[in-house]
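Trainee: My structure is in input_21.cif, and what it holds is mmCIF, C-alpha atoms:
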data_input
loop_
_atom_site.label_atom_id
_atom_site.label_comp_id
_atom_site.auth_asym_id
_atom_site.auth_seq_id
_atom_site.Cartn_x
_atom_site.Cartn_y
_atom_site.Cartn_z
CA MET O 1 11.65 -9.26 -43.11
CA SER O 2 10.11 -10.39 -46.41
CA VAL O 3 11.77 -9.96 -49.79
CA ALA O 4 9.35 -7.17 -50.67
CA GLY O 5 10.22 -5.41 -47.44
CA LEU O 6 13.93 -5.67 -48.12
CA LYS O 7 13.43 -4.26 -51.63
CA LYS O 8 11.46 -1.33 -50.21
CA GLN O 9 14.22 -0.57 -47.70
CA PHE O 10 16.76 -0.69 -50.53
CA TYR O 11 14.66 1.68 -52.65
CA LYS O 12 14.38 4.21 -49.80
CA ALA O 13 18.09 4.06 -48.96
CA SER O 14 19.04 4.51 -52.60
CA GLN O 15 16.75 7.51 -53.01
CA LEU O 16 18.04 9.11 -49.80
CA VAL O 17 21.67 8.75 -50.96
CA SER O 18 20.86 10.21 -54.37
CA GLU O 19 19.22 13.24 -52.71
CA LYS O 20 21.94 13.82 -50.07
CA VAL O 21 24.95 13.08 -52.24
CA GLY O 22 23.81 13.43 -55.82
CA GLY O 23 21.56 16.47 -55.29
CA ALA O 24 18.46 14.78 -56.69
CA GLU O 25 15.17 16.50 -55.88
CA GLY O 26 12.36 14.61 -54.23
CA THR O 27 8.63 15.28 -54.12
CA LYS O 28 8.04 18.66 -52.44
CA LEU O 29 5.41 19.00 -49.74
CA ASP O 30 3.18 22.09 -49.96
CA ASP O 31 3.88 25.24 -47.91
CA ASP O 32 0.85 24.74 -45.66
CA PHE O 33 2.13 21.32 -44.65
CA LYS O 34 5.62 22.67 -43.91
CA GLU O 35 4.22 25.55 -41.84
CA MET O 36 2.07 23.14 -39.86
CA GLU O 37 5.07 20.85 -39.28
CA LYS O 38 7.14 23.83 -38.03
CA LYS O 39 4.44 24.88 -35.54
CA VAL O 40 4.20 21.33 -34.17
CA ASP O 41 7.97 21.22 -33.73
CA VAL O 42 7.95 24.52 -31.78
CA THR O 43 5.04 23.29 -29.65
CA SER O 44 6.91 20.09 -28.83
CA LYS O 45 10.03 21.97 -27.70
CA ALA O 46 7.97 24.40 -25.62
CA VAL O 47 6.10 21.64 -23.80
CA VAL O 48 9.28 19.70 -22.96
CA GLU O 49 11.14 22.70 -21.56
CA VAL O 50 8.15 24.16 -19.67
CA LEU O 51 7.64 20.76 -18.01
CA ALA O 52 11.25 20.63 -16.81
CA ARG O 53 11.23 24.24 -15.57
CA THR O 54 7.91 23.82 -13.75
CA ILE O 55 9.20 20.82 -11.79
CA GLU O 56 12.40 22.73 -10.97
CA TYR O 57 10.31 25.74 -9.86
CA LEU O 58 8.22 23.62 -7.50
CA GLN O 59 11.21 21.77 -6.02
CA PRO O 60 14.75 23.17 -6.45
CA ASN O 61 16.12 20.21 -4.47
CA PRO O 62 17.08 17.46 -6.98
CA ALA O 63 16.08 14.61 -4.66
CA SER O 64 12.62 16.12 -4.15
CA ARG O 65 12.28 16.75 -7.91
CA ALA O 66 12.77 13.05 -8.55
CA LYS O 67 10.02 12.18 -6.04
CA LEU O 68 7.70 14.82 -7.51
CA THR O 69 7.92 13.30 -10.99
CA MET O 70 7.03 9.88 -9.54
CA LEU O 71 4.10 11.20 -7.48
CA ASN O 72 0.91 9.25 -8.18
CA THR O 73 -1.79 11.91 -8.34
CA VAL O 74 -4.50 9.32 -8.97
CA SER O 75 -3.94 8.02 -5.45
CA LYS O 76 -4.20 11.58 -4.17
CA ILE O 77 -7.58 12.03 -5.86
CA ARG O 78 -8.84 8.90 -4.12
CA GLY O 79 -7.64 10.19 -0.77
CA GLN O 80 -4.81 7.70 -0.36
CA VAL O 81 -1.99 10.26 -0.29
CA LYS O 82 -1.82 13.19 2.14
CA ASN O 83 1.57 14.62 1.14
CA PRO O 84 4.00 14.34 -1.79
CA GLY O 85 6.43 12.16 0.16
CA TYR O 86 9.22 14.71 0.66
CA PRO O 87 9.64 17.49 3.27
CA GLN O 88 9.04 21.11 2.36
CA SER O 89 11.66 23.66 3.42
CA GLU O 90 8.94 25.59 5.28
CA GLY O 91 8.15 22.50 7.34
CA LEU O 92 11.81 21.92 8.22
CA LEU O 93 12.14 25.55 9.32
CA GLY O 94 8.95 25.25 11.39
CA GLU O 95 10.18 22.13 13.20
CA CYS O 96 13.48 23.87 13.99
CA MET O 97 11.66 26.91 15.44
CA ILE O 98 9.32 24.79 17.56
CA ARG O 99 12.18 22.70 18.94
CA HIS O 100 14.17 25.73 20.08
CA GLY O 101 11.05 27.55 21.26
CA LYS O 102 10.28 24.68 23.64
CA GLU O 103 13.88 24.66 24.88
CA LEU O 104 13.70 28.37 25.70
CA GLY O 105 10.48 27.82 27.68
CA GLY O 106 7.36 29.87 28.31
CA GLU O 107 9.15 32.60 30.28
CA SER O 108 11.06 33.67 27.15
CA ASN O 109 9.44 36.15 24.77
CA PHE O 110 11.65 34.87 21.97
CA GLY O 111 10.73 31.26 22.79
CA ASP O 112 6.98 31.96 22.60
CA ALA O 113 7.46 33.86 19.34
CA LEU O 114 9.43 30.94 17.88
CA LEU O 115 6.56 28.59 18.75
CA ASP O 116 4.07 30.88 16.96
CA ALA O 117 6.31 31.21 13.90
CA GLY O 118 7.04 27.47 13.84
CA GLU O 119 3.35 26.53 13.76
CA SER O 120 2.77 29.01 10.94
CA MET O 121 5.68 27.58 8.94
CA LYS O 122 4.24 24.08 9.30
CA CYS O 123 0.91 25.40 7.97
CA LEU O 124 2.77 26.93 5.02
CA ALA O 125 4.36 23.53 4.35
CA GLU O 126 0.91 21.90 4.18
CA VAL O 127 -0.26 24.58 1.74
CA LYS O 128 2.88 23.98 -0.36
CA ASP O 129 2.14 20.23 -0.39
CA ALA O 130 -1.31 21.02 -1.78
CA LEU O 131 0.23 23.29 -4.45
CA ASP O 132 2.67 20.60 -5.62
CA ILE O 133 -0.05 17.95 -5.87
CA GLU O 134 -2.50 20.30 -7.62
CA VAL O 135 0.07 21.42 -10.21
CA LYS O 136 1.22 17.83 -10.78
CA GLN O 137 -2.36 16.68 -11.37
CA ASN O 138 -3.72 19.53 -13.51
CA PHE O 139 -0.64 20.83 -15.33
CA ILE O 140 2.38 18.52 -15.34
CA ASP O 141 0.53 15.25 -15.97
CA PRO O 142 -1.60 16.55 -18.91
CA LEU O 143 1.45 18.07 -20.61
CA GLN O 144 3.43 14.87 -20.05
CA ASN O 145 0.56 12.92 -21.60
CA LEU O 146 0.66 15.28 -24.60
CA CYS O 147 4.37 14.48 -25.05
CA ASP O 148 3.99 10.74 -24.59
CA LYS O 149 0.95 10.27 -26.85
CA ASP O 150 -0.09 13.05 -29.24
CA LEU O 151 3.34 14.46 -30.11
CA LYS O 152 4.87 11.01 -30.26
CA GLU O 153 2.12 9.84 -32.61
CA ILE O 154 2.68 12.83 -34.91
CA GLN O 155 6.41 12.07 -35.09
CA HIS O 156 5.55 8.47 -36.01
CA HIS O 157 3.27 9.62 -38.85
CA LEU O 158 5.89 12.07 -40.18
CA LYS O 159 8.58 9.41 -40.16
CA LYS O 160 6.28 7.02 -42.01
CA LEU O 161 5.43 9.73 -44.53
CA GLU O 162 9.14 10.38 -45.23
CA GLY O 163 9.74 6.67 -45.84
CA ARG O 164 6.85 6.41 -48.28
CA ARG O 165 7.96 9.57 -50.09
CA LEU O 166 11.42 8.10 -50.66
CA ASP O 167 9.89 4.85 -51.93
CA PHE O 168 7.58 6.72 -54.31
CA ASP O 169 10.34 9.01 -55.64
CA TYR O 170 12.65 6.04 -56.29
CA LYS O 171 9.96 4.28 -58.33
CA LYS O 172 8.92 7.47 -60.13
CA LYS O 173 12.47 7.99 -61.41
CA ARG O 174 12.40 4.43 -62.79
CA GLN O 175 9.01 4.73 -64.43
CA GLY O 176 8.88 2.27 -67.31
CA LYS O 177 11.25 -0.12 -65.59
CA ILE O 178 8.84 -0.65 -62.72
CA PRO O 179 5.25 -1.84 -63.29
CA ASP O 180 2.68 1.00 -63.38
CA GLU O 181 0.57 -0.73 -60.72
CA GLU O 182 3.50 -0.72 -58.30
CA LEU O 183 4.08 2.98 -58.95
CA ARG O 184 0.38 3.73 -58.46
CA GLN O 185 0.34 1.89 -55.12
CA ALA O 186 3.41 3.79 -53.95
CA LEU O 187 1.70 7.11 -54.81
CA GLU O 188 -1.50 6.10 -52.97
CA LYS O 189 0.46 5.12 -49.84
CA PHE O 190 2.39 8.40 -49.92
CA GLU O 191 -0.80 10.48 -50.23
CA GLU O 192 -2.48 8.40 -47.51
CA SER O 193 0.41 9.01 -45.07
CA LYS O 194 0.43 12.72 -45.90
CA GLU O 195 -3.28 12.98 -45.11
CA VAL O 196 -2.90 11.11 -41.81
CA ALA O 197 0.05 13.31 -40.74
CA GLU O 198 -1.80 16.48 -41.74
CA THR O 199 -4.89 15.43 -39.80
CA SER O 200 -2.95 14.64 -36.62
CA MET O 201 -1.02 17.95 -36.75
CA HIS O 202 -4.20 19.90 -37.50
CA ASN O 203 -6.01 18.34 -34.54
CA LEU O 204 -3.15 19.19 -32.19
CA LEU O 205 -2.89 22.82 -33.29
CA GLU O 206 -6.66 23.38 -33.35
CA THR O 207 -7.13 22.02 -29.82
CA ASP O 208 -4.33 24.05 -28.22
CA ILE O 209 -6.99 25.68 -26.04
CA GLU O 210 -6.53 22.60 -23.85
CA GLN O 211 -2.98 23.72 -23.10
CA VAL O 212 -4.34 27.19 -22.26
CA SER O 213 -6.74 25.52 -19.81
CA GLN O 214 -3.86 23.61 -18.22
CA LEU O 215 -1.82 26.81 -17.92
CA SER O 216 -4.82 28.46 -16.28
CA ALA O 217 -4.95 25.59 -13.77
CA LEU O 218 -1.28 26.24 -12.91
CA VAL O 219 -1.99 29.93 -12.26
CA ASP O 220 -5.11 29.13 -10.21
CA ALA O 221 -3.13 26.74 -8.03
CA GLN O 222 -0.41 29.35 -7.48
CA LEU O 223 -3.02 32.00 -6.71
CA GLU O 224 -4.72 29.79 -4.11
CA TYR O 225 -1.35 28.95 -2.55
CA HIS O 226 -0.40 32.63 -2.23
CA ARG O 227 -3.86 33.54 -0.84
CA GLN O 228 -3.52 30.96 1.92
CA ALA O 229 0.12 31.91 2.52
CA VAL O 230 -0.81 35.58 2.91
CA GLN O 231 -3.57 34.66 5.38
CA ILE O 232 -1.19 32.51 7.46
CA LEU O 233 1.54 35.16 7.47
CA ASP O 234 -0.93 37.97 8.28
CA GLU O 235 -2.10 36.07 11.35
CA LEU O 236 1.51 35.40 12.40
CA ALA O 237 2.47 39.06 11.94
CA SER O 238 -0.49 40.13 14.13
CA LYS O 239 0.53 37.67 16.87
CA LEU O 240 4.13 38.89 16.86
CA LYS O 241 3.09 42.58 16.99
CA ARG O 242 0.71 41.79 19.86
CA ARG O 243 3.55 40.09 21.71
CA MET O 244 5.78 43.14 21.16
CA ARG O 245 3.06 45.47 22.54
CA ASP O 246 2.47 43.26 25.57
CA ALA O 247 6.19 43.02 26.27
CA SER O 248 6.70 46.79 26.01
CA SER O 249 3.78 47.46 28.39
CA ARG O 250 5.17 45.23 31.13
CA PRO O 251 7.58 46.83 33.63
CA LYS O 252 11.15 45.82 33.07
CA ARG O 253 12.87 43.84 35.76
CA GLU O 254 16.03 45.46 36.99
CA TYR O 255 19.13 43.41 37.40
CA LYS O 256 20.41 43.35 40.99
CA PRO O 257 23.76 41.64 41.35
CA LYS O 258 24.20 39.37 44.35
CA PRO O 259 26.66 40.51 47.03
CA ARG O 260 30.12 39.13 46.48
CA GLU O 261 31.48 36.59 48.94
CA THR O 262 34.73 37.43 50.71
CA PHE O 263 37.64 35.15 49.94
CA ASP O 264 40.57 34.96 52.36
CA LEU O 265 43.80 34.27 50.53
CA GLY O 266 45.76 33.96 53.77
CA GLU O 267 49.31 35.22 54.44
CA PRO O 268 51.57 35.28 51.38
CA GLU O 269 54.27 32.69 51.66
CA GLN O 270 55.90 33.05 48.26
CA SER O 271 57.34 35.99 46.39
CA ASN O 272 54.95 35.48 43.50
CA GLY O 273 51.84 36.63 45.39
CA GLY O 274 51.10 33.67 47.61
CA PHE O 275 50.76 30.95 45.03
CA PRO O 276 53.20 28.10 45.69
CA CYS O 277 55.62 27.20 42.96
CA ALA O 278 56.11 23.61 41.99
CA PRO O 279 59.66 22.49 42.68
CA ALA O 280 61.81 22.24 39.62
CA PRO O 281 62.26 18.65 38.54
CA LYS O 282 65.67 17.16 38.99
CA ILE O 283 67.47 16.23 35.85
CA THR O 284 69.08 12.83 35.99
CA ALA O 285 71.25 11.06 33.50
CA SER O 286 68.52 8.67 32.61
CA SER O 287 66.02 11.46 32.09
CA SER O 288 68.41 13.38 29.89
CA PHE O 289 68.70 10.38 27.61
CA ARG O 290 64.91 10.02 27.45
CA SER O 291 64.50 13.65 26.55
CA SER O 292 66.22 12.97 23.29
CA ASP O 293 63.56 10.42 22.29
CA LYS O 294 61.21 11.63 19.51
CA PRO O 295 57.53 12.16 20.52
CA VAL O 296 55.00 9.67 19.19
CA ARG O 297 52.94 11.27 16.39
CA THR O 298 49.19 10.71 16.19
CA PRO O 299 48.41 8.93 12.94
CA SER O 300 46.51 11.21 10.54
CA ARG O 301 43.52 10.21 8.44
CA SER O 302 44.76 8.46 5.37
CA MET O 303 43.62 9.92 2.07
CA PRO O 304 42.41 7.41 -0.53
CA PRO O 305 44.27 7.39 -3.85
CA LEU O 306 42.90 10.11 -6.14
CA ASP O 307 42.54 7.92 -9.21
CA GLN O 308 38.83 8.61 -9.62
CA PRO O 309 36.59 11.72 -9.58
CA SER O 310 36.53 13.02 -5.99
CA CYS O 311 36.22 16.11 -3.83
CA LYS O 312 37.16 17.25 -0.32
CA ALA O 313 34.60 18.59 2.18
CA LEU O 314 35.35 22.20 3.20
CA TYR O 315 32.62 22.30 5.86
CA ASP O 316 30.30 19.96 7.72
CA PHE O 317 27.05 19.29 5.83
CA GLU O 318 23.98 18.01 7.68
CA PRO O 319 21.35 16.52 5.31
CA GLU O 320 17.90 18.03 5.66
CA ASN O 321 16.08 16.08 2.94
CA ASP O 322 15.84 12.46 1.90
CA GLY O 323 18.49 11.61 -0.66
CA GLU O 324 21.10 14.10 0.58
CA LEU O 325 24.56 12.92 1.68
CA GLY O 326 25.96 14.16 5.00
CA PHE O 327 29.70 14.59 5.66
CA HIS O 328 32.27 16.28 7.88
CA GLU O 329 35.03 18.75 7.08
CA GLY O 330 37.98 16.96 5.54
CA ASP O 331 36.05 13.94 4.25
CA ILE O 332 37.03 12.73 0.76
CA ILE O 333 33.89 12.02 -1.30
CA THR O 334 33.80 10.01 -4.53
CA LEU O 335 31.94 11.93 -7.29
CA THR O 336 29.49 9.92 -9.39
CA ASN O 337 27.38 12.54 -11.17
CA GLN O 338 26.72 16.29 -11.49
CA ILE O 339 23.00 17.00 -11.11
CA ASP O 340 23.17 20.65 -12.14
CA GLU O 341 25.43 23.68 -11.66
CA ASN O 342 24.85 23.70 -7.88
CA TRP O 343 24.54 20.02 -6.87
CA TYR O 344 26.71 16.90 -7.07
CA GLU O 345 25.94 13.26 -6.42
CA GLY O 346 28.59 11.18 -4.66
CA MET O 347 29.45 8.28 -2.33
CA LEU O 348 30.97 8.23 1.17
CA HIS O 349 31.32 5.21 3.47
CA GLY O 350 29.14 3.13 1.15
CA GLN O 351 26.28 5.68 1.12
CA SER O 352 25.17 7.63 -1.94
CA GLY O 353 23.37 10.97 -2.06
CA PHE O 354 23.21 14.60 -3.22
CA PHE O 355 25.20 17.52 -1.76
CA PRO O 356 25.84 21.19 -2.66
CA LEU O 357 28.89 22.14 -4.70
CA SER O 358 29.65 25.13 -2.41
CA TYR O 359 30.52 22.80 0.50
CA VAL O 360 33.36 20.97 -1.27
CA GLU O 361 36.58 21.46 -3.21
CA VAL O 362 36.84 19.31 -6.33
CA LEU O 363 40.11 17.36 -6.37
CA VAL O 364 39.60 15.17 -9.45
CA PRO O 365 36.78 16.45 -11.73
CA LEU O 366 34.22 14.27 -13.44
CA PRO O 367 35.06 13.38 -17.05
CA GLN O 368 33.43 15.66 -19.59
#
When written as structure tokens, how does the structure in this file appear?

Mentor:
Amino acid sequence: MSVAGLKKQFYKASQLVSEKVGGAEGTKLDDDFKEMEKKVDVTSKAVVEVLARTIEYLQPNPASRAKLTMLNTVSKIRGQVKNPGYPQSEGLLGECMIRHGKELGGESNFGDALLDAGESMKCLAEVKDALDIEVKQNFIDPLQNLCDKDLKEIQHHLKKLEGRRLDFDYKKKRQGKIPDEELRQALEKFEESKEVAETSMHNLLETDIEQVSQLSALVDAQLEYHRQAVQILDELASKLKRRMRDASSRPKREYKPKPRETFDLGEPEQSNGGFPCAPAPKITASSSFRSSDKPVRTPSRSMPPLDQPSCKALYDFEPENDGELGFHEGDIITLTNQIDENWYEGMLHGQSGFFPLSYVEVLVPLPQ
């Protein structure tokens, strides 16, 4: 940094200390500027929180949320991506129904109904994929771009304005000791930064109709998803009702038990109903000594030392999504992170993943 730059930093630091500690008053910005700055700050907070809540709404699963944020929608537009890269819960349910429907076979009413429901659930999963990609492209990405560029640029201009104000106020208090030309240049730079900051904030607030358009795109995507979901479920409901009518119109088959086979137990030879008793074992001296030996105990699973955050599995947990960690009842899992109030991240047998808090008992909590 040059000597002039070091002097400027010293001037700004000195002025800031005199205002914070000494109670000195600096140049006041007009009320319109302050009101505009307040609206930009509220807009920034709203965009950040709405982004986070929208992603959580689309995918409650933390592993899927991470993949959603990394989804490249440009590739989707070009036809290179057919799904978001993570399974939908509707698709997992559909696969489960189809698998068990096939096992039950075509002679089972329940099996046929499971096949119908499973196919419909898989269609719902495809519609949900389309919703996630549409919302990511037309709502999440534009708002993220607003955060990364426009709002970030405004914060840069405001920070620069505050630095130039401190520099100008320091020199104004020392008018007469500092050359007039230097004071004039400081005033010009301050006014220039104020104009740039005002312009950038004004442009953001005056073009907020773009955010309304993006919000409209979110609602349109949801509306289209629900339209298609209603159509799929209506068709499934009609199929199931038709199956119920067909089943009720068919005559029921009566159960006819097969005749029992006769079983000859023979003549009773023992007083206990014919079943022979095993002879009592003879007790010998050697056996009496052996009876005093202690039985060999099966070694139990050793518990690792609890010197780090850990928890114990209360139930078996089978992972259904990529990124989840499976375990069995009694396993001791090392805790590495708490995703939210319902999910933990941990390690077991060298593998890392997410798992629900309700399946475990925390032994050593994570540090606060």

Trainee: Quick one: distance from CA of Ser193 in chain O to CA of Lys173 in chain O in Å, one decimal?

Mentor: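 Rounded to one decimal, the two atoms are 20.3 Å apart.
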
Trainee: Select, from O:Leu92, O:Val135, O:Leu114, O:Leu16, the residue with the minimum atom-to-atom distance to Val219 in chain O, counting only C-alpha atoms.

Mentor: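 Checking each candidate against Val219 in chain O, we get O:Val135 as the closest.
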
Trainee: Taking all atoms listed in the file into account, which of O:Ser200, O:Ser352, O:Glu361, O:Lys34 comes nearest Glu329 in chain O?

Mentor: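 Among the listed residues, O:Glu361 lies closest to Glu329 in chain O.
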
Trainee: Identify, on the basis of all atoms listed in the file, every residue whose closest approach to Ser310 in chain O does not exceed 12 Å; exclude the query and any residue fewer than 3 positions from it along the same chain; express the result as an MDAnalysis selection string.

Mentor: chainID O and resid 303:307 313 331:338 344:348 357 360:367

Trainee: Which is closest to Met97 in chain O among O:Gly111, O:Gly326, O:Pro259, O:Pro84, if we use only C-alpha atoms?

Mentor: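 Selected residue with least distance to Met97 in chain O: O:Gly111.
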
Trainee: I'd like to know which of O:Phe168, O:Tyr57, O:Phe355, O:Tyr225 is closest to Gln15 in chain O, using only C-alpha atoms.

Mentor: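 Closest to Gln15 in chain O of all the choices is O:Phe168.
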
Trainee: Take CA of Ser213 in chain O and CA of Gln59 in chain O and report the distance between them in Å, one decimal.

Mentor: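 That distance, rounded to one decimal, is 22.9 Å.
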